[in-house]
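**Q** Let me give you the structure first, and then I'll get to my questions.
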Amino acid sequence: MKLGFHVSIAGGISRSVERAHDLGCTCMQIFSRNPRGWTVKPLDKNDIAEFKKARERLEIAPVFVHTNYLINLASIKPDLYEKSIEQFVVDLERTEALGAEYLVTHLGSANGQKEEWMVDRVSDAISYALKLHPPKATILLENTAGEAGDIGYTLEQVREVIARLHDSPQVGICYDTCHGFAAGYDIRTKNGVDALAKKISDTVGLDRLKGMHLNDCLRDFNSRVDRHWHIGDGKIGLDGFKLLLNHPAFRDVPKIMETPKNTEEDDPKNMKVVRSLIT
Ligand SMILES: [Zn+2]
Ligand SMILES: [Zn+2]
């Protein structure tokens with residue numbers, strides 16, 4: 001089973017590969033730049049070459065790149081909306097320059113707007129970006145927890161966006177277990193995990209499920225609050241993760257943990273817990 005973490009790119013993007021390998025990752029996720037700023041330093045050619053070499057040597061695949069946090073593809077504000085599309089394209093180009101397989105993006109938020117308006121807004125943004133830069137990498141839409149103003153907290157909404165992109169083969173999904181749980185997809189029981197597999201199959205299709213974010217949830221089921229927690233220690237719990245990890249629909253999907261890193265021990269412990277649940 002492909003397992004990994006979101007790892008830091010401090011000291012250069014190529015350094016992230018070693019970091020992931022040391023944690024026992026067989027896949028990984030990174031930001032390609034500072035996720036909380038607009039300024040972009042061009043990628044360094046040597047860094048790219050080193051990154052690719054290290055990945056091959058340490059057999060880490062696939063690589064997920066996560067978009068910048070300032071991007072909001074559903075923004076009501078015309079200037080931020082435009083800037084978001086432009087910066088989304090920058091992230092897409094960087095993902096491809098690195099030879100990474102996937103670019104993960106949230107769908108965006110627009111407080112006070114109707115669901116349908118937001119679906120339109122996001123679809124238009126991505127559609128425009130695809131015209132500016134026909135992608136080689138696959139764009140993965142990530143389900144959200146459904147915090148105030150968020151779009152993409154139901155799989156039907158995600159399906160609708162993909163439909164409006166004419167079912168482009170360059171678009172898939174990354175399912176976040178914490179977000180899903182907070183938004184009302186219960187995976188604490190076998191029935192719940194079966195229902196989630198069926199829901200994904202009936203909406204976006206299991207073939208579009210290219211990655212999962214494996215996170216426990218600190219807050220209650222259906223709380224609509226996005227707070228990631230250590231695997232097994234949150235409200236989903238060990239039994240839920242055991243059922244999910246071993247479910248035939250999810251077994252072969254690469255999984256990335258975005259669990260808290262408060263101490264050096266956190267990542268190794270989460271990896272150990274997850275591995276112990278695989279039967
Ligand atoms: Zn996530
Ligand atoms: Zn989250």
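Naming scheme: A, B, ... for chains in displayed order of the structure tokens; residues 1 onward per chain; ligands 1 onward as shown.
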Using only C-alpha atoms and all ligand atoms, which residues of the polymer chains come no farther than 7 Å from ligand 1? I'd like the answer as a ChimeraX atom specification.
**A** /A:142,176,213,258
**Q** May I ask you to write as a list in words all residues lying at most 10 Å from ligand 2, with only C-alpha atoms and all ligand atoms counted?
**A**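 Final answer, ordered by chain and number: His106, Glu142, Asn143, Thr144, Ala145, Asp176, Thr177, Cys178, His179, Gly180, Ala182, His213, Asn215, Cys217, Val225, Asp226, Arg227, His228, Trp229, Glu258 and Thr259 of chain A.
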**Q** May I have the residues from that selection written out with C-alpha atoms, as a compact mmCIF listing (two decimals), in the first residue's frame?
**A**
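out-v9.txt written:
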```
# COMPACT_ATOMS: atom_id res chain seq x y z
CA HIS A 106 -9.57 22.79 -2.78
CA GLU A 142 -10.27 17.68 -2.75
CA ASN A 143 -13.52 17.35 -0.81
CA THR A 144 -13.88 19.91 1.98
CA ALA A 145 -15.22 19.86 5.54
CA ASP A 176 -9.79 13.63 2.67
CA THR A 177 -11.12 11.39 5.47
CA CYS A 178 -11.18 14.19 8.08
CA HIS A 179 -13.02 16.57 5.78
CA GLY A 180 -15.45 13.86 4.73
CA ALA A 182 -16.74 16.48 9.34
CA HIS A 213 -5.71 12.30 2.59
CA ASN A 215 -6.41 12.20 8.62
CA CYS A 217 -10.73 14.28 12.89
CA VAL A 225 -15.01 21.85 11.29
CA ASP A 226 -11.68 20.96 9.65
CA ARG A 227 -9.25 19.92 12.39
CA HIS A 228 -6.89 17.10 11.45
CA TRP A 229 -5.79 14.71 14.17
CA GLU A 258 -1.55 15.52 6.89
CA THR A 259 -1.55 14.85 10.61
```
**Q** Which one is closest to Glu50 (chain A): A:Glu265, A:Glu96, A:Glu86, A:Glu18? Count only C-alpha atoms.
**A**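 Closest to Glu50 (chain A) of all the choices is A:Glu18.
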**Q** Mind pulling up the distance from CA of Ala61 (chain A) to CA of Thr26 (chain A)?
**A**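 Result for CA of Thr26 (chain A) versus CA of Ala61 (chain A): 6.3 Å, one decimal.
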**Q** If you count only C-alpha atoms, which residues fall within 6 Å of region 231-244 of chain A, apart from same-chain ones fewer than 6 positions away, as a compact mmCIF listing (two decimals) with N, CA and C atoms, in the first residue's frame?
**A**
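out-v2.txt, written as the output of this step:
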```txt
# COMPACT_ATOMS: atom_id res chain seq x y z
N ILE A 187 -17.30 6.97 8.56
CA ILE A 187 -16.55 5.75 8.20
C ILE A 187 -16.19 4.94 9.46
N ARG A 188 -16.98 5.09 10.52
CA ARG A 188 -16.67 4.36 11.75
C ARG A 188 -17.18 2.92 11.72
N ASP A 216 -7.24 11.69 10.85
CA ASP A 216 -8.33 11.55 11.80
C ASP A 216 -8.89 12.95 12.05
N CYS A 217 -10.02 13.00 12.73
CA CYS A 217 -10.73 14.28 12.89
C CYS A 217 -10.87 14.59 14.38
N LEU A 218 -10.42 15.76 14.77
CA LEU A 218 -10.48 16.13 16.19
C LEU A 218 -11.91 16.44 16.61
N ASN A 270 2.34 7.92 13.68
CA ASN A 270 1.18 7.76 12.79
C ASN A 270 1.44 6.70 11.72
N LEU A 277 -2.56 -1.41 11.06
CA LEU A 277 -3.99 -1.65 10.78
C LEU A 277 -4.21 -2.40 9.46
```
